[in-house]
Amino acid sequence: MKDQARELVTKLTTEEKLLLIKGMGSWHTHPIERLDLPSIMMADGPHGLRKQDQGGDNPMGLGKSVQTVCFPTASGTAASFDRDLLHRLSEILGQECRAHELNVLLGPAVNIKRSPLCGRNFEYFSEDPYLSSEMAVSYTQGLQSQGVGVSIKHFAANNQEKRRMTTQSVVDERAMREIYLPSFEQTVKRADPWTVMCAYNRLFDGIYCSENKRLLTEILRDEWGFGGLVVSDWGAVSNRVAGIEAGLDLEMPDSHGLHTELITDALNDGTLSQAALDEAASRVIELVLRAVEGAAQAVELDAQRPECPEELNERDHAIARAMARDTMILLQNDGVLPLSREQAGVAFIGGFAKQPRYQGGGSSHVHAYRVASAYETAKAEGLEFDYAEGFGASDYNYDIVKARAAIDLAERSELCVVFAGLPESMDSEGADRKHIDLPPCQNQLISQLAAVQPNIVVVLCNGAPIRMPWAGQVRAILESYLAGEAVGEAQIDLLYGAYSPSAKLAETFPLRLQDTPCFGNFPGGTATVEYRESIFVGYRYYDKADKDVLFPFGHGLSYSTFDYTNLRVSKKNITPSDEISVSVTVTNTGTVDAAEVVQFYVSAPQDEAVFREPKALKGFGKVFLKAGEKKRVTVTLDSRAFAYFHVGLNNWHCAPGVYTIHAAASSRDLRLSSTVTMQSEAATAPYPALPCYAQGLVHAIPDCEFEAVLGHEIPPTNWPVPREMTWDCSIEDAQQSPFGRLLMKIIDFAFPIVAGIAKDTIGDASGMMDAVVEMPVRSIAMWSGGLIDRRMVDALVSIFNEEEYLRSACVLICGGMRAVKNVVFK
Ligand code: BGC
């Protein structure tokens with residue numbers, strides 16, 4: 001296919017190549033009809049389809065989307081620790097893509113959960129790179145088996161929403177290799193993703209990911225052997241010429257000629273080589289050919305799915321229910337759960353019982369087919385219960401009338417199930433949370449209910465960790481995460497014991513925000529965000545600092561109990577080239593059939609000179625066991641399980657010494673352990689002595705230690721004020737000028753209107769105002785659908801710089817009139 005694409009590219013004119021390397025509208029590639037190259041379509045992803053209806057392809061991609069099934073989001077699917085579930089999920093998504101004639105689904109999203117505050121954590125898998133990689137590989141293999149491509153995103157180190165389009169992630173090489181890159185690396189090496197989506201932020205040397213040659217070519221292609229296409233995140237392009245040279249093939253969405261002149265000039269003056277343009281165009285052609293072939297091969301597969309959209313949605317809704325059950329985590333239970341279906345005196349309290357949260361806001365928002373709440377499911381199944389709202393699903397403030405009615409009901413009842421969670425605006429793309437608390441009305445009411453009713457079960461709907469000040473006052477907590485449209489059905493299945501919970505946390509729930517490793521360095525300054533904690537992300541840090549947590553990574557209860565016996569490693573003395581197998585027997589010692597996630601952690605010899613985490617997940621297996629049944633769970637460990645990234649050698653290195661392998665039920669429930677001895681050459685230490693890193697004192701890393709791991713000076717955290725405005729400066733920066741402040745007022749006025757219009761397609765966008773003002777000035781042109789051109793952006797920038805007012809005003813007025821004329825006479 002590569003050869004065919006190379007051959008075809010020779011037949012293209014430069015104009016055609018320029019068309020091919022940018023989108024057509026929001027979601028399509030350009031067709032080249034004379035060469036029979038069709039246009040292909042992409043759509044979000046990752047846990048359902050967000051395909052814009054015909055005619056809905058407006059410039060911002062905010063048109064209405066078709067109704068499809070919303071599956072559990074990645075926080076939950078990762079918690080299933082089930083590779084097969086991910087494979088099945090994406091196979092189903094692939095079938096839906098085929099039914100809706102989509103060629104690429106924009107997922108999986110594999111950024112590491114660096115802070116629980118990141119607004120998109122619900123879309124991401126884990127704080128752990130191994131788990132995240134395994135999920136991403138399975139997702140990719142499943143989707144692509146259906147003739148539909150993935151776009152693994154967002155490459156790379158895009159771990160926050162604050163200033164996501166301009167900030168520089170300042171990450172040391174070792175943290176990149178050990179924490180932030182593996183999900184991409186493993187997927188590229190093991191699953192051949194059709195496309196990789198580069199992130200908005202700046203990375204190595206402060207260069208945008210979309211034009212970062214080290215990232216897009218040296219690491220991705222030269223080191224890992226990526227053979228697919230790199231697509232920009234939507235609107236991530238700053239300098240398109242540099243992007244082509246760096247390895248960014250396709251710009252999305254359509255930039256309406258914004259860069260054409262620059263590219264042509266660069267080709268003419270030789271700053272851009274024809275070869276680089278050809279390479280980008282040929283990769284787009286190859287993607288199109290792959291999509292055509294995928295569609296042809298999938299014809300047989302297509303026959304396996306219901307043809308009628310209603311039937312397809314019904315089938316997939318049932319699958320979404322089964323999957324949701326496997327993604328919910330029983331965090332706490334003193335035996336009160338499961339409830340008996342005959343249990344009398346049950347009260348359901350909380351607006352989330354009727355209006356569950358089941359997905360987050362932003363580009364992944366699915367126009368769901370049929371949302372099932374716990375309330376209506378329980379009614380439909382004939383369960384007896386009373387209901388009081390207590391607090392609404394989007395309430396913040398305590399409502400005394402609602403609360404009083406709930407407390408009265410609790411007093412009269414024998415058991416209360418409280419349905420709580422985060423309001424929709426708090427799990428959203430474009431906005432990080434500022435704290436990890438539930439709205440005050442919920443915390444207050446749960447404590448009050450616990451004061452009058454000893455039997456409280458809390459059921460949560462939230463995309464990321466929250467604080468639970470009432471955890472010690474309630475008998476059980478079921479974490480649903482954002483479980484997709486069948487959320488309520490799955491909650492009832494688990495609460496009433498039709499199935500046993502089997503998921504385990506793919507991230508740590510800290511006791512307080514202040515405990516989190518990047519506290520104080522998230523979300524950073526106006527220019528950069530410093531990843532001072534280096535490799536100490538998630539449990540790697542809590543273990544190193546020996547900190548108590550609310551619920552540890554890997555934790556999750558079941559209605560059964562499991563014994564671990566007979567841990568075996570296939571070889572005790574190993575070398576870096578060995579692969580060993582490790583196995584353990586797991587017995588279901590309870591009375592119900594249930595699945596158990598067995599985790600294998602490796603503890604490396606602790607060495608002052610090379611700071612290492614106390615242990616890291618290196619394998620897992622999930623087994624379903626009937627009551628009394630036992631099975632052996634086996635994993636394979638290769639040298640990566642023992643290695644760290646040695647920055648001096650620029651390679652992975654296995655230090656000699658004794659390593660401990662733990663078979664565990666969670667990162668803090670280690671059941672059995674065994675040791676192996678690594679026989680390898682010792683390497684000289686990669687750093688000078690770094691006492692704070694060595695002790696895991698990540699909140700106190702001095703500049704000199706951070707610079708030592710970075711290998712260069714720390715770039716300035718903030719831009720100077722006032723700042724010389726450029727295309728890459730944000731509307732926020734522009735407020736230093738009177739016109740910038742005026743623009744801000746206009747945005748303030750217009751934002752709620754646009755957010756209201758967009759509600760159907762991206763959910764509750766009320767928290768996204770910051771994201772709009774943090775957008776670079778160039779985005780104004782990008783999202784204008786061609787109405788604002790280069791000259792107008794230049795004029796805007798001049799005005800922001802308080803220069804050339806008259807000339808710039810003329811350019812803007814003329815441009816504005818041209819735009820109005822174009823719209824009116826279109
Ligand atoms: C998001 C991507 C998404 C794209 C298209 C961007 O803003 O970051 O994840 O795929 O929009 O909707």
# chains A, B, ... in the order shown; residues from 1 in each chain; ligands from 1
$ select_by_dssp --residues "stretch 187-306 of chain A" --states "strand (DSSP E or B)" --output "ChimeraX atom specification"
/A:195-198,202,208,229-232,250-251
$ residues_near_ligand --ligand "ligand 1" --cutoff "10 Å" --atoms "only C-alpha atoms and all ligand atoms" --output "MDAnalysis selection string"
chainID A and resid 26:27 42:46 50:51 60:62 105:109 120 123 151:154 158 161 164:165 197:200 232:236 252:253 362:365 429:430 762
$ closest_residue --among "A:Pro193, A:Gly524, A:Pro501, A:Gly147" --to "A:Asn159" --atoms "only C-alpha atoms"
A:Gly524
$ closest_residue --among "A:Glu485, A:Ala506, A:Glu596, A:His47" --to "A:Glu314" --atoms "only C-alpha atoms"
A:Glu485
$ residues_around --residues "stretch 395-405 of chain A" --least-positions-apart "6" --cutoff "7 Å" --atoms "only C-alpha atoms" --output "PDB file with N, CA and C atoms, in the first residue's frame"
ATOM      1  N   ALA A 388     -36.462  10.267  47.638  1.00  0.00           N
ATOM      2  CA  ALA A 388     -36.454  11.715  47.909  1.00  0.00           C
ATOM      3  C   ALA A 388     -35.247  12.293  47.188  1.00  0.00           C
ATOM      4  N   GLU A 389     -35.400  13.464  46.623  1.00  0.00           N
ATOM      5  CA  GLU A 389     -34.301  14.016  45.804  1.00  0.00           C
ATOM      6  C   GLU A 389     -33.108  14.428  46.680  1.00  0.00           C
ATOM      7  N   PRO A 439     -20.029  18.708  45.381  1.00  0.00           N
ATOM      8  CA  PRO A 439     -20.693  19.952  45.779  1.00  0.00           C
ATOM      9  C   PRO A 439     -21.075  19.884  47.256  1.00  0.00           C
ATOM     10  N   PRO A 440     -20.991  21.015  47.959  1.00  0.00           N
ATOM     11  CA  PRO A 440     -21.235  21.018  49.403  1.00  0.00           C
ATOM     12  C   PRO A 440     -22.592  20.445  49.793  1.00  0.00           C
ATOM     13  N   CYS A 441     -23.619  20.661  48.945  1.00  0.00           N
ATOM     14  CA  CYS A 441     -24.938  20.146  49.319  1.00  0.00           C
ATOM     15  C   CYS A 441     -24.905  18.625  49.473  1.00  0.00           C
ATOM     16  N   LEU A 445     -25.378  16.690  53.114  1.00  0.00           N
ATOM     17  CA  LEU A 445     -26.549  15.828  53.285  1.00  0.00           C
ATOM     18  C   LEU A 445     -26.141  14.389  53.623  1.00  0.00           C
TER      19      LEU A 445
END
$ closest_residue --among "A:Met426, A:Val336, A:Val170, A:Val371" --to "A:Gly525" --atoms "only C-alpha atoms"
A:Val170
$ residues_around --residues "A:Cys814" --least-positions-apart "5" --cutoff "12 Å" --atoms "only C-alpha atoms" --output "PyMOL selection string"
chain A and resi 787-789+791-792+795+807-809+819-821
$ decode --residues "stretch 530-563 of chain A" --atoms "C-alpha atoms" --output "compact mmCIF listing (two decimals), in the first residue's frame"
# COMPACT_ATOMS: atom_id res chain seq x y z
CA GLU A 530 6.74 21.65 35.42
CA TYR A 531 6.50 17.92 35.96
CA ARG A 532 8.82 18.12 38.95
CA GLU A 533 7.59 14.86 40.41
CA SER A 534 9.22 13.05 37.44
CA ILE A 535 8.35 9.32 37.59
CA PHE A 536 6.53 9.62 40.91
CA VAL A 537 3.03 9.66 39.49
CA GLY A 538 0.06 8.07 41.26
CA TYR A 539 0.84 5.10 43.50
CA ARG A 540 4.52 5.32 42.60
CA TYR A 541 4.55 8.48 44.71
CA TYR A 542 2.15 7.49 47.49
CA ASP A 543 4.18 4.32 48.05
CA LYS A 544 7.49 6.15 47.93
CA ALA A 545 6.32 8.78 50.42
CA ASP A 546 4.49 6.15 52.45
CA LYS A 547 1.32 8.24 52.38
CA ASP A 548 -2.09 7.05 53.43
CA VAL A 549 -4.65 7.22 50.67
CA LEU A 550 -8.43 6.96 50.60
CA PHE A 551 -8.43 4.00 48.21
CA PRO A 552 -5.26 2.66 46.63
CA PHE A 553 -4.54 1.87 43.01
CA GLY A 554 -5.77 -1.61 42.14
CA HIS A 555 -8.30 -1.71 44.97
CA GLY A 556 -11.79 -3.12 44.47
CA LEU A 557 -13.99 -5.49 46.45
CA SER A 558 -16.16 -8.38 45.41
CA TYR A 559 -19.12 -10.22 46.91
CA SER A 560 -16.76 -13.16 47.14
CA THR A 561 -13.30 -13.68 48.62
CA PHE A 562 -10.16 -15.00 46.98
CA ASP A 563 -7.09 -16.82 48.21
